[in-house]
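Engineer: Sharing data.cif (mmCIF, C-alpha atoms and all ligand atoms) below.
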data_start
#
loop_
_atom_site.label_atom_id
_atom_site.label_comp_id
_atom_site.auth_asym_id
_atom_site.auth_seq_id
_atom_site.Cartn_x
_atom_site.Cartn_y
_atom_site.Cartn_z
CA MET A 73 24.74 -10.87 1.40
CA LYS A 74 25.03 -7.08 1.13
CA LYS A 75 23.08 -5.74 -1.86
CA THR A 76 22.48 -2.39 -3.52
CA VAL A 77 18.74 -1.79 -3.50
CA LEU A 78 17.06 1.01 -5.42
CA ILE A 79 13.77 1.96 -3.78
CA THR A 80 11.17 4.38 -5.12
CA GLY A 81 8.70 5.83 -2.61
CA GLY A 82 11.07 4.90 0.21
CA SER A 83 10.12 8.04 2.12
CA GLY A 84 6.42 7.10 2.35
CA TYR A 85 4.43 5.17 4.97
CA ILE A 86 5.24 1.65 3.68
CA GLY A 87 8.54 2.58 2.00
CA SER A 88 10.00 3.95 5.25
CA TRP A 89 9.61 0.58 7.00
CA ILE A 90 11.15 -1.24 4.02
CA THR A 91 14.09 1.21 4.06
CA LYS A 92 14.54 0.72 7.83
CA TYR A 93 14.68 -3.09 7.46
CA LEU A 94 17.09 -2.84 4.51
CA LEU A 95 19.42 -0.58 6.53
CA GLU A 96 19.19 -2.92 9.53
CA ALA A 97 20.27 -5.79 7.26
CA GLY A 98 23.31 -3.79 6.13
CA HIS A 99 22.28 -3.12 2.52
CA ILE A 100 23.11 -0.05 0.45
CA VAL A 101 19.80 1.75 -0.05
CA ARG A 102 19.37 4.12 -2.96
CA LEU A 103 16.22 5.99 -2.07
CA THR A 104 14.56 8.26 -4.61
CA VAL A 105 12.47 11.30 -3.65
CA ARG A 106 10.89 13.93 -5.85
CA ASP A 107 12.50 16.82 -4.03
CA LYS A 108 15.76 16.35 -2.14
CA SER A 109 15.44 19.69 -0.38
CA LYS A 110 12.41 18.46 1.62
CA ARG A 111 14.58 17.02 4.40
CA GLU A 112 11.61 16.57 6.75
CA LYS A 113 10.41 13.72 4.50
CA ILE A 114 13.56 11.67 5.13
CA ALA A 115 14.81 12.88 8.54
CA HIS A 116 13.40 9.76 10.25
CA LEU A 117 15.39 7.52 7.88
CA GLU A 118 18.62 9.46 8.34
CA ALA A 119 18.16 8.89 12.08
CA VAL A 120 17.75 5.13 11.43
CA GLN A 121 20.89 5.04 9.32
CA GLU A 122 23.02 6.49 12.12
CA GLN A 123 22.22 3.40 14.23
CA GLN A 124 22.58 0.77 11.49
CA ALA A 125 25.22 -0.90 9.36
CA GLY A 126 23.55 -0.06 6.04
CA GLN A 127 24.22 2.97 3.88
CA LEU A 128 21.54 5.43 2.78
CA GLU A 129 21.90 7.38 -0.48
CA ILE A 130 19.29 9.96 -1.47
CA TRP A 131 18.59 10.43 -5.19
CA GLU A 132 16.13 12.72 -6.95
CA ALA A 133 13.69 11.24 -9.48
CA ASP A 134 10.08 11.69 -10.58
CA LEU A 135 7.79 8.96 -11.85
CA LEU A 136 6.64 11.23 -14.68
CA LYS A 137 10.09 12.27 -15.89
CA GLU A 138 11.23 9.78 -18.48
CA GLY A 139 14.68 8.36 -17.78
CA SER A 140 14.93 10.02 -14.38
CA PHE A 141 15.61 6.69 -12.59
CA ASP A 142 18.26 5.49 -15.08
CA GLU A 143 21.29 6.80 -13.24
CA ALA A 144 20.15 5.56 -9.81
CA ALA A 145 19.48 2.10 -11.28
CA ARG A 146 22.98 1.70 -12.72
CA GLY A 147 24.91 -0.87 -10.67
CA ALA A 148 21.97 -1.73 -8.38
CA ASP A 149 21.06 -5.40 -7.72
CA VAL A 150 17.40 -5.11 -6.73
CA LEU A 151 14.65 -2.62 -7.51
CA MET A 152 11.73 -2.08 -5.13
CA HIS A 153 9.10 0.01 -6.87
CA VAL A 154 6.88 1.30 -4.08
CA ALA A 155 6.02 4.84 -5.25
CA SER A 156 2.52 5.55 -6.48
CA PRO A 157 -0.03 8.12 -5.34
CA PHE A 158 -2.42 6.61 -2.79
CA ILE A 159 -5.03 9.35 -2.68
CA LEU A 160 -8.77 8.80 -3.00
CA LYS A 161 -9.93 12.38 -3.71
CA VAL A 162 -8.42 13.66 -6.96
CA LYS A 163 -9.40 16.34 -9.50
CA ASP A 164 -8.12 14.59 -12.61
CA ALA A 165 -7.88 10.80 -12.20
CA GLN A 166 -5.85 10.31 -15.38
CA LYS A 167 -3.26 12.94 -14.52
CA ASP A 168 -3.17 12.53 -10.73
CA LEU A 169 -3.41 8.72 -10.45
CA VAL A 170 -3.18 6.72 -13.67
CA ASP A 171 -0.23 8.52 -15.26
CA PRO A 172 2.13 8.33 -12.27
CA ALA A 173 1.08 4.72 -11.57
CA GLN A 174 1.16 3.29 -15.11
CA LYS A 175 3.68 5.48 -16.94
CA GLY A 176 5.71 5.72 -13.73
CA THR A 177 5.94 1.92 -13.46
CA LEU A 178 7.11 1.61 -17.06
CA ASN A 179 9.62 4.41 -16.54
CA VAL A 180 11.08 2.77 -13.43
CA LEU A 181 11.10 -0.78 -14.84
CA ARG A 182 12.78 0.37 -18.05
CA ALA A 183 15.51 1.85 -15.86
CA ALA A 184 15.90 -1.64 -14.33
CA SER A 185 16.32 -3.15 -17.81
CA GLN A 186 18.79 -0.48 -18.88
CA SER A 187 20.90 -0.96 -15.76
CA GLY A 188 21.95 -4.43 -16.91
CA THR A 189 22.62 -5.26 -13.24
CA ILE A 190 19.16 -5.43 -11.62
CA LYS A 191 18.10 -9.07 -11.41
CA LYS A 192 14.97 -8.74 -9.30
CA VAL A 193 12.09 -6.26 -9.25
CA ILE A 194 9.74 -6.20 -6.25
CA LEU A 195 6.59 -4.25 -7.03
CA THR A 196 4.22 -2.82 -4.41
CA SER A 197 0.89 -3.53 -6.02
CA SER A 198 -2.38 -3.94 -4.09
CA VAL A 199 -5.41 -6.17 -3.66
CA VAL A 200 -7.23 -3.49 -5.65
CA SER A 201 -5.56 -4.86 -8.77
CA ILE A 202 -7.20 -8.22 -7.90
CA PHE A 203 -10.74 -6.88 -7.45
CA GLY A 204 -12.52 -3.52 -7.59
CA ASP A 205 -15.71 -3.88 -5.54
CA ALA A 206 -16.63 -6.29 -2.75
CA LYS A 207 -19.57 -7.45 -4.88
CA ASP A 208 -17.11 -8.81 -7.48
CA MET A 209 -16.70 -11.87 -5.24
CA ALA A 210 -20.40 -12.80 -5.48
CA ASP A 211 -20.60 -11.77 -9.16
CA GLN A 212 -17.72 -14.10 -10.00
CA ASN A 213 -19.05 -16.92 -7.80
CA LEU A 214 -15.94 -16.91 -5.65
CA LYS A 215 -15.54 -18.05 -2.04
CA GLU A 216 -12.39 -15.96 -1.75
CA PHE A 217 -10.10 -13.82 -3.89
CA THR A 218 -6.86 -15.42 -5.07
CA GLU A 219 -3.90 -14.22 -7.12
CA ALA A 220 -5.61 -15.61 -10.25
CA GLN A 221 -8.13 -12.74 -10.37
CA TRP A 222 -7.74 -9.31 -11.96
CA ASN A 223 -9.82 -6.23 -11.28
CA THR A 224 -12.20 -5.80 -14.22
CA THR A 225 -14.73 -3.41 -12.65
CA SER A 226 -12.77 -0.20 -11.95
CA ASN A 227 -12.34 2.66 -14.40
CA LEU A 228 -11.48 6.38 -14.48
CA GLU A 229 -14.87 7.34 -13.02
CA HIS A 230 -15.48 4.45 -10.63
CA GLN A 231 -12.67 3.54 -8.20
CA PRO A 232 -9.89 5.37 -10.13
CA TYR A 233 -7.18 4.53 -7.57
CA SER A 234 -7.93 0.82 -7.99
CA TYR A 235 -7.89 1.30 -11.75
CA SER A 236 -4.48 3.02 -11.58
CA LYS A 237 -2.98 0.14 -9.57
CA THR A 238 -4.45 -2.47 -11.94
CA LEU A 239 -2.99 -0.75 -15.00
CA ALA A 240 0.36 -0.33 -13.25
CA GLU A 241 0.66 -4.00 -12.27
CA LYS A 242 -0.46 -5.15 -15.73
CA ALA A 243 2.14 -2.87 -17.35
CA ALA A 244 4.80 -4.44 -15.11
CA TRP A 245 3.88 -8.03 -16.07
CA ASP A 246 3.68 -7.10 -19.77
CA LEU A 247 7.15 -5.55 -19.72
CA HIS A 248 8.47 -8.46 -17.66
CA ALA A 249 7.34 -10.88 -20.37
CA THR A 250 9.55 -9.13 -22.98
CA GLN A 251 12.85 -9.75 -21.16
CA LYS A 252 14.87 -12.27 -19.13
CA GLN A 253 17.14 -10.05 -17.05
CA TRP A 254 14.91 -9.48 -13.98
CA LYS A 255 12.44 -11.58 -12.05
CA LEU A 256 9.21 -9.95 -10.92
CA ILE A 257 7.52 -10.35 -7.55
CA ALA A 258 4.34 -8.40 -6.81
CA ILE A 259 3.21 -7.75 -3.24
CA ASN A 260 -0.56 -7.14 -3.10
CA PRO A 261 -1.49 -5.76 0.32
CA ALA A 262 -5.01 -4.93 1.48
CA PHE A 263 -5.58 -1.86 3.67
CA VAL A 264 -2.29 -1.23 5.46
CA MET A 265 -2.41 -0.14 9.11
CA GLY A 266 0.19 0.03 11.85
CA PRO A 267 2.62 2.61 13.24
CA PRO A 268 4.03 5.25 10.89
CA LEU A 269 7.79 5.86 11.09
CA GLY A 270 7.73 9.39 9.71
CA LYS A 271 5.36 12.28 10.31
CA ASN A 272 4.67 13.46 6.80
CA SER A 273 2.86 10.78 4.83
CA ASP A 274 -0.29 11.66 2.89
CA SER A 275 -1.10 7.95 2.71
CA GLU A 276 -4.81 7.21 2.90
CA SER A 277 -3.95 4.69 5.68
CA ILE A 278 -2.96 7.51 8.03
CA LEU A 279 -5.73 9.86 6.88
CA PHE A 280 -8.40 7.18 7.40
CA MET A 281 -7.23 6.39 10.94
CA LYS A 282 -7.01 10.12 11.68
CA ARG A 283 -10.64 10.55 10.57
CA MET A 284 -11.70 7.55 12.68
CA LEU A 285 -9.95 8.87 15.81
CA THR A 286 -11.15 12.47 15.42
CA GLY A 287 -14.82 11.51 15.29
CA ALA A 288 -15.55 11.74 11.54
CA TYR A 289 -17.51 8.46 11.68
CA LYS A 290 -18.97 8.86 15.18
CA THR A 291 -22.59 8.85 13.93
CA GLY A 292 -22.17 5.35 12.48
CA ALA A 293 -19.72 3.07 10.73
CA ALA A 294 -20.42 2.45 7.05
CA PRO A 295 -21.26 -1.23 6.36
CA PHE A 296 -17.98 -1.86 4.54
CA TYR A 297 -15.49 -4.69 5.02
CA PHE A 298 -11.74 -4.37 4.47
CA GLY A 299 -8.79 -6.72 4.55
CA PHE A 300 -6.14 -5.38 6.96
CA VAL A 301 -2.41 -5.96 7.23
CA ASP A 302 0.37 -4.49 9.36
CA VAL A 303 2.73 -2.03 7.66
CA ARG A 304 5.70 -3.87 9.24
CA ASP A 305 4.53 -7.17 7.70
CA VAL A 306 4.08 -5.56 4.28
CA ALA A 307 7.65 -4.25 4.57
CA LYS A 308 8.87 -7.71 5.66
CA ALA A 309 7.14 -9.25 2.63
CA HIS A 310 9.30 -7.01 0.41
CA ILE A 311 12.46 -8.06 2.30
CA LEU A 312 11.55 -11.77 2.12
CA ALA A 313 10.93 -11.39 -1.61
CA MET A 314 14.65 -10.64 -2.05
CA GLU A 315 15.53 -14.28 -1.16
CA GLU A 316 16.87 -16.35 -4.07
CA ASP A 317 14.42 -19.25 -3.71
CA VAL A 318 11.24 -17.14 -3.83
CA GLN A 319 9.11 -17.92 -6.89
CA GLU A 320 7.94 -15.13 -9.18
CA GLY A 321 4.30 -14.05 -9.04
CA ARG A 322 1.68 -12.13 -7.06
CA HIS A 323 1.17 -12.26 -3.30
CA ILE A 324 -2.05 -11.26 -1.56
CA THR A 325 -0.88 -9.81 1.76
CA VAL A 326 -3.72 -9.71 4.31
CA GLU A 327 -3.89 -10.70 7.99
CA SER A 328 -7.66 -10.60 8.49
CA THR A 329 -10.88 -9.01 7.27
CA HIS A 330 -13.06 -6.76 9.43
CA SER A 331 -15.97 -4.37 9.18
CA MET A 332 -15.47 -0.69 10.00
CA LEU A 333 -17.41 -1.23 13.22
CA GLU A 334 -15.11 -4.10 14.24
CA LEU A 335 -12.16 -1.77 13.69
CA ALA A 336 -13.79 0.88 15.92
CA ASN A 337 -14.52 -1.75 18.60
CA THR A 338 -10.89 -2.93 18.50
CA ILE A 339 -9.71 0.64 19.15
CA GLU A 340 -12.29 1.11 21.92
CA SER A 341 -11.25 -2.06 23.73
CA GLU A 342 -7.68 -0.75 24.04
CA PHE A 343 -8.28 3.00 24.41
CA ASN A 344 -11.43 3.04 26.56
CA GLN A 345 -13.49 6.18 25.67
CA GLN A 346 -10.50 8.25 24.54
CA PHE A 347 -11.95 8.73 21.05
CA LYS A 348 -15.35 9.52 19.54
CA LEU A 349 -15.82 6.22 17.72
CA PRO A 350 -18.90 4.80 16.00
CA THR A 351 -20.88 2.37 18.14
CA SER A 352 -23.27 1.10 15.46
CA THR A 353 -23.40 0.51 11.72
CA THR A 354 -25.18 3.01 9.45
CA PRO A 355 -28.04 1.25 7.62
CA THR A 356 -27.30 0.96 3.88
CA LEU A 357 -30.42 2.96 2.95
CA LEU A 358 -29.30 5.88 5.10
CA LEU A 359 -25.85 5.66 3.54
CA TYR A 360 -27.39 6.50 0.15
CA VAL A 361 -28.55 9.78 1.70
CA LEU A 362 -25.42 10.58 3.74
CA GLY A 363 -22.74 9.03 1.54
CA TRP A 364 -22.11 12.15 -0.57
CA ALA A 365 -20.65 13.88 2.53
CA PHE A 366 -17.91 11.20 2.55
CA GLY A 367 -17.44 11.26 -1.23
CA LEU A 368 -19.24 7.91 -1.70
CA SER A 369 -21.11 7.50 -4.99
CA TRP A 370 -24.33 5.48 -5.19
CA LYS A 371 -22.53 3.01 -7.41
CA TYR A 372 -19.82 2.53 -4.80
CA ILE A 373 -22.41 1.99 -2.05
CA ARG A 374 -24.44 -0.41 -4.24
CA ARG A 375 -21.41 -2.55 -5.04
CA ASN A 376 -19.74 -2.55 -1.62
CA ALA A 377 -22.12 -1.95 1.29
CA GLY A 378 -22.87 -5.12 3.23
CA TYR A 379 -20.70 -7.42 1.05
CA PRO A 380 -18.10 -9.32 3.11
CA ILE A 381 -14.83 -10.22 1.41
CA ALA A 382 -12.37 -13.08 1.86
CA TYR A 383 -8.82 -13.63 0.68
CA ASN A 384 -6.59 -16.63 0.18
CA THR A 385 -3.19 -15.73 1.65
CA THR A 386 -1.49 -19.12 1.27
CA ARG A 387 1.00 -17.83 -1.26
CA SER A 388 2.36 -15.05 1.00
CA ARG A 389 2.73 -17.56 3.85
CA GLU A 390 4.27 -20.38 1.81
CA ASN A 391 6.29 -18.70 -0.95
CA LEU A 392 7.51 -15.72 1.09
CA GLY A 393 7.32 -17.39 4.52
CA LEU A 394 5.49 -14.36 5.94
CA ILE A 395 4.17 -14.63 9.50
CA TYR A 396 1.46 -12.05 10.22
CA ARG A 397 1.06 -9.92 13.33
CA PRO A 398 -2.45 -10.01 14.85
CA PHE A 399 -4.83 -7.20 13.87
CA SER A 400 -5.33 -5.99 17.48
CA GLU A 401 -1.57 -5.43 17.90
CA THR A 402 -1.41 -3.53 14.58
CA ILE A 403 -4.22 -1.19 15.58
CA ARG A 404 -2.97 -0.68 19.14
CA ASP A 405 0.57 0.20 17.97
CA MET A 406 -0.73 2.53 15.25
CA VAL A 407 -2.94 4.55 17.60
CA HIS A 408 -0.21 4.75 20.28
CA VAL A 409 2.34 6.11 17.78
CA MET A 410 -0.13 8.57 16.27
CA GLN A 411 -0.81 9.91 19.77
CA GLU A 412 2.90 10.08 20.66
CA ARG A 413 3.76 12.00 17.50
CA ASN A 414 0.75 14.32 17.80
CA ILE A 415 -0.66 13.07 14.49
CA VAL A 416 -3.96 12.93 16.37
P1 LIG B 1 2.58 7.24 0.79
O1 LIG B 1 3.07 7.34 2.18
O2 LIG B 1 1.77 8.39 0.28
O3 LIG B 1 3.78 6.97 -0.19
C1 LIG B 1 3.72 7.21 -1.55
C2 LIG B 1 5.12 7.38 -2.07
O4 LIG B 1 5.07 7.55 -3.48
C3 LIG B 1 5.81 8.62 -1.47
O5 LIG B 1 7.11 8.25 -1.05
C4 LIG B 1 5.87 9.58 -2.65
O6 LIG B 1 7.07 10.28 -2.70
C5 LIG B 1 5.87 8.63 -3.84
N1 LIG B 1 5.35 9.30 -5.04
C6 LIG B 1 4.07 9.66 -5.29
N2 LIG B 1 4.00 10.28 -6.48
C7 LIG B 1 5.26 10.30 -6.98
C8 LIG B 1 5.86 10.81 -8.17
N3 LIG B 1 5.13 11.43 -9.12
N4 LIG B 1 7.18 10.63 -8.36
C9 LIG B 1 7.94 10.00 -7.41
N5 LIG B 1 7.44 9.52 -6.26
C10 LIG B 1 6.12 9.67 -6.06
O7 LIG B 1 1.65 5.95 0.59
P2 LIG B 1 1.84 4.43 1.03
O8 LIG B 1 0.58 4.03 1.71
O9 LIG B 1 3.14 4.19 1.70
O10 LIG B 1 1.82 3.72 -0.39
C11 LIG B 1 3.00 3.16 -0.97
C12 LIG B 1 2.62 2.15 -2.02
O11 LIG B 1 1.85 1.10 -1.45
C13 LIG B 1 1.77 2.71 -3.17
O12 LIG B 1 2.20 2.06 -4.36
C14 LIG B 1 0.36 2.24 -2.81
O13 LIG B 1 -0.46 2.13 -3.96
C15 LIG B 1 0.67 0.88 -2.21
N6 LIG B 1 -0.37 0.34 -1.33
C16 LIG B 1 -0.73 1.03 -0.20
C17 LIG B 1 -1.70 0.50 0.64
C18 LIG B 1 -2.11 1.19 1.90
O14 LIG B 1 -3.13 0.79 2.49
N7 LIG B 1 -1.36 2.19 2.37
C19 LIG B 1 -2.31 -0.73 0.30
C20 LIG B 1 -1.91 -1.41 -0.85
C21 LIG B 1 -0.93 -0.86 -1.65
P3 LIG B 1 7.29 11.78 -2.21
O15 LIG B 1 7.93 11.63 -0.87
O16 LIG B 1 8.15 12.39 -3.23
O17 LIG B 1 5.92 12.44 -2.10
#
As structure tokens, what does this structure read like?
Structural biologist:
Amino acid sequence: MKKTVLITGGSGYIGSWITKYLLEAGHIVRLTVRDKSKREKIAHLEAVQEQQAGQLEIWEADLLKEGSFDEAARGADVLMHVASPFILKVKDAQKDLVDPAQKGTLNVLRAASQSGTIKKVILTSSVVSIFGDAKDMADQNLKEFTEAQWNTTSNLEHQPYSYSKTLAEKAAWDLHATQKQWKLIAINPAFVMGPPLGKNSDSESILFMKRMLTGAYKTGAAPFYFGFVDVRDVAKAHILAMEEDVQEGRHITVESTHSMLELANTIESEFNQQFKLPTSTTPTLLLYVLGWAFGLSWKYIRRNAGYPIAYNTTRSRENLGLIYRPFSETIRDMVHVMQERNIV
């Protein structure tokens, strides 16, 4: 059934794929951006709309301006709150990360309540609101992370992005508990990879792959493990969450877990010697010496280097019915598109 969907952050890396799928399904998409005059941020979505049955409306709103989403929320059926800064290097973690994430979430969700019409909120959270450091798994005696855990180890100084996402998701569940109008579904992806639709995202996903392909890690891959998931599957998870019979709650969204070296080897196997990729793993001791050049604190290295991680993804498969694309396809498609668009 055709719905009116308000989406924040719809111009970004993940948001663009969600918007594309919503337009393909014929929905009315109310997309908010901070600055409407920056047409280059939404040109790729206007091109999608021309081919599809759905209708794209562009609204202006800022996470930090109280009440700025109220008008766009009026009359909408579903809210997808995707917007949040995903930047790892910031000057002021409170101002640059926590405020837009936490206050922004409350601002947007209050607009949903005020609308009177929005019955479902789909929140783009992250696995970083489930745990902060890889070592948390061993510290908590866990075989894998599940939706029952919350990140208790991040703060303004250590892993501030993870802290901002934890506070934002908590704020959403707290507000949800005070009302009965809207259901809440959180999507908690790990590191998102896969082809970008637009050219202008500052998402750390794109920046990380750009660094990998341009030789930033050629002297050695850090001994870190990440969960990976395709951007198209994360977008699909948001679309599936719109279905009536989906239960409320959190959803870890991860296809598989790999080391940085395994990622480099996956690229190499498809793009034979086209990039200056790492061929070995940097020993942890050496990382303590070199880590500062990559902005890695000793605490980060101590709590993450060499610790594998594992996730339970049953809920995303069973409650949402999500079927994941294999990691190798995700990486291959991402690198191809970044080459085609001259992002690398
Ligand atoms: P992105 O491309 O940088 O998108 C971020 C979006 O947030 C942009 O559309 C941006 O809008 C918007 N935004 C940022 N600050 C804002 C503000 N003050 N007011 C209004 N809008 C603001 O990053 P992404 O990777 O797609 O991330 C999208 C969401 O997914 C975030 O919530 C992120 O935490 C979450 N997530 C990402 C990953 C990942 O690996 N990429 C993993 C887990 C969760 P403008 O166009 O106005 O700049």
Engineer: Work out how far apart atom CA of A:Ala258 and atom CA of A:Ala313 are and give it in Å to one decimal.
Structural biologist: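 Atom CA of A:Ala258 sits 8.9 Å away from atom CA of A:Ala313.
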Engineer: What separation in Å, quoted to one decimal, exists between atom CA of A:Glu340 and atom CA of A:Pro398?
Structural biologist: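 Atom CA of A:Glu340 sits 16.4 Å away from atom CA of A:Pro398.
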Engineer: Counting all atoms listed in the file, what are the residues, protein, DNA or RNA alike, that approach ligand LIG 1 (chain B) to within 6 Å? I want them as a PDB file with C-alpha atoms, in the coordinates of the input.
Structural biologist:
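Result file out-v4.pdb:
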ATOM      1  CA  GLY A  81       8.700   5.830  -2.610  1.00  0.00           C
ATOM      2  CA  GLY A  82      11.070   4.900   0.210  1.00  0.00           C
ATOM      3  CA  SER A  83      10.120   8.040   2.120  1.00  0.00           C
ATOM      4  CA  GLY A  84       6.420   7.100   2.350  1.00  0.00           C
ATOM      5  CA  TYR A  85       4.430   5.170   4.970  1.00  0.00           C
ATOM      6  CA  ILE A  86       5.240   1.650   3.680  1.00  0.00           C
ATOM      7  CA  GLY A  87       8.540   2.580   2.000  1.00  0.00           C
ATOM      8  CA  VAL A 105      12.470  11.300  -3.650  1.00  0.00           C
ATOM      9  CA  ARG A 106      10.890  13.930  -5.850  1.00  0.00           C
ATOM     10  CA  ASP A 134      10.080  11.690 -10.580  1.00  0.00           C
ATOM     11  CA  LEU A 135       7.790   8.960 -11.850  1.00  0.00           C
ATOM     12  CA  LEU A 136       6.640  11.230 -14.680  1.00  0.00           C
ATOM     13  CA  VAL A 154       6.880   1.300  -4.080  1.00  0.00           C
ATOM     14  CA  ALA A 155       6.020   4.840  -5.250  1.00  0.00           C
ATOM     15  CA  SER A 156       2.520   5.550  -6.480  1.00  0.00           C
ATOM     16  CA  PRO A 157      -0.030   8.120  -5.340  1.00  0.00           C
ATOM     17  CA  PHE A 158      -2.420   6.610  -2.790  1.00  0.00           C
ATOM     18  CA  PRO A 172       2.130   8.330 -12.270  1.00  0.00           C
ATOM     19  CA  THR A 196       4.220  -2.820  -4.410  1.00  0.00           C
ATOM     20  CA  SER A 197       0.890  -3.530  -6.020  1.00  0.00           C
ATOM     21  CA  SER A 198      -2.380  -3.940  -4.090  1.00  0.00           C
ATOM     22  CA  PRO A 261      -1.490  -5.760   0.320  1.00  0.00           C
ATOM     23  CA  ALA A 262      -5.010  -4.930   1.480  1.00  0.00           C
ATOM     24  CA  PHE A 263      -5.580  -1.860   3.670  1.00  0.00           C
ATOM     25  CA  VAL A 264      -2.290  -1.230   5.460  1.00  0.00           C
ATOM     26  CA  SER A 273       2.860  10.780   4.830  1.00  0.00           C
ATOM     27  CA  ASP A 274      -0.290  11.660   2.890  1.00  0.00           C
ATOM     28  CA  SER A 275      -1.100   7.950   2.710  1.00  0.00           C
ATOM     29  CA  SER A 277      -3.950   4.690   5.680  1.00  0.00           C
TER      30      SER A 277
END
Engineer: My list of candidates is A:Ala133, A:Met332, A:Ile403, A:Val120. Which is closest to A:Gly266 when distances are computed with all atoms listed in the file?
Structural biologist: A:Ile403
Engineer: Find, counting all atoms listed in the file, the residue in A:Ile90, A:Ile381, A:Val409, A:Ile194 that gets nearest to A:Met152.
Structural biologist: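 So, comparing all the options, the nearest one is A:Ile194.
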Engineer: Which of these residues is nearest to A:Leu358, using only C-alpha atoms: A:Lys255, A:Ser226, A:Leu94, A:Ala293?
Structural biologist: A:Ala293
Engineer: I'd like the neighbourhood of A:Asn384 as a list in words, where a residue qualifies if any of its atoms comes within 10 Å (using all atoms listed in the file), though same-chain residues fewer than 4 positions away should be ignored.
Structural biologist: Lys215, Glu216, Phe217, Thr218, Glu219, His323, Ile324, Thr325, Val326 and Ser388 of chain A
Engineer: How would the residues just picked look written out with C-alpha atoms as a compact mmCIF listing (two decimals), in the coordinates of the input?
Structural biologist:
# COMPACT_ATOMS: atom_id res chain seq x y z
CA LYS A 215 -15.54 -18.05 -2.04
CA GLU A 216 -12.39 -15.96 -1.75
CA PHE A 217 -10.10 -13.82 -3.89
CA THR A 218 -6.86 -15.42 -5.07
CA GLU A 219 -3.90 -14.22 -7.12
CA HIS A 323 1.17 -12.26 -3.30
CA ILE A 324 -2.05 -11.26 -1.56
CA THR A 325 -0.88 -9.81 1.76
CA VAL A 326 -3.72 -9.71 4.31
CA SER A 388 2.36 -15.05 1.00
Engineer: Hey, which of A:Ala97, A:Ile114, A:Ala294, A:Leu362 ends up closest to A:Lys308? Count all atoms listed in the file.
Structural biologist: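 Distance minimum relative to A:Lys308 lands on A:Ala97.
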Engineer: For A:Arg397, which residue out of A:Phe343, A:Trp370, A:Phe300, A:Tyr379 is the nearest one, using all atoms listed in the file?
Structural biologist: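 Comparing A:Phe343, A:Trp370, A:Phe300, A:Tyr379 against A:Arg397, the winner is A:Phe300.
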Engineer: Find the residues with any atom within 12 Å of (-8.8, -13.2, -10.5); use only C-alpha atoms and the coordinates as given in the file, and write the answer as number ranges by chain.
Structural biologist: A: 199-204, 208-209, 211-225, 238, 322, 324, 383-384
Engineer: For atom CA of A:Leu256 and atom CA of A:His310, quote the distance in Å rounded to one decimal.
Structural biologist: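 So the answer is 11.7 Å.
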Engineer: Just checking: using only C-alpha atoms, which residue out of A:Asp205, A:Asp107, A:Glu390, A:Asp171 ends up closest to A:Ala309?
Structural biologist: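 Closest residue, counting only C-alpha atoms: A:Glu390.
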Engineer: Name all residues at most 9 Å from A:Glu342 (count only C-alpha atoms; drop same-chain ones fewer than 5 positions away) and give them as a short mmCIF file (atom, residue, chain, number, x, y, z; two decimals) with C-alpha atoms, keeping the file's coordinate frame.
Structural biologist:
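Saved the output as around-v4.cif:
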data_model
loop_
_atom_site.label_atom_id
_atom_site.label_comp_id
_atom_site.auth_asym_id
_atom_site.auth_seq_id
_atom_site.Cartn_x
_atom_site.Cartn_y
_atom_site.Cartn_z
CA ASN A 337 -14.52 -1.75 18.60
CA SER A 400 -5.33 -5.99 17.48
CA ARG A 404 -2.97 -0.68 19.14
#
Engineer: Could you name the residues that touch A:Ala288 at 12 Å or less, counting only C-alpha atoms, but leaving out those on the same chain fewer than 3 positions away, as a ChimeraX atom specification?
Structural biologist: /A:279-285,291-294,336,347-350,365-366
Engineer: Quick one: contact table of stretch 278-332 of chain A to stretch 178-193 of chain A, 12 Å max, nearest atom pair and distance in Å to one decimal per residue, counting only C-alpha atoms, chain and number order, as JSON lines?
Structural biologist:
{"residue": "A:His310", "atom": "CA", "partner": "A:Val193", "partner_atom": "CA", "distance": 10.1}
{"residue": "A:Ile311", "atom": "CA", "partner": "A:Val193", "partner_atom": "CA", "distance": 11.7}
{"residue": "A:Ala313", "atom": "CA", "partner": "A:Lys192", "partner_atom": "CA", "distance": 9.1}
{"residue": "A:Met314", "atom": "CA", "partner": "A:Lys192", "partner_atom": "CA", "distance": 7.5}
{"residue": "A:Glu315", "atom": "CA", "partner": "A:Lys192", "partner_atom": "CA", "distance": 9.9}
{"residue": "A:Glu316", "atom": "CA", "partner": "A:Lys192", "partner_atom": "CA", "distance": 9.4}
{"residue": "A:Asp317", "atom": "CA", "partner": "A:Lys192", "partner_atom": "CA", "distance": 11.9}
{"residue": "A:Val318", "atom": "CA", "partner": "A:Lys192", "partner_atom": "CA", "distance": 10.7}
{"residue": "A:Gln319", "atom": "CA", "partner": "A:Lys192", "partner_atom": "CA", "distance": 11.2}
{"residue": "A:Glu320", "atom": "CA", "partner": "A:Lys192", "partner_atom": "CA", "distance": 9.5}
{"residue": "A:Gly321", "atom": "CA", "partner": "A:Val193", "partner_atom": "CA", "distance": 11.0}
Engineer: Using 5 Å of padding on each side, determine the axis-aligned box around all atoms of stretch 353-363 of chain A present in the file and give its centre and edge lengths in Å to one decimal, as lines of an AutoDock Vina configuration file.
Structural biologist:
center_x = -26.6
center_y = 5.5
center_z = 5.9
size_x = 17.7
size_y = 20.1
size_z = 21.6
Engineer: If you count all atoms listed in the file, which residues fall within 12 Å of A:Leu169, apart from same-chain ones fewer than 4 positions away, as a PyMOL selection string?
Structural biologist: chain A and resi 135-136+155-165+173-177+227-229+231-240
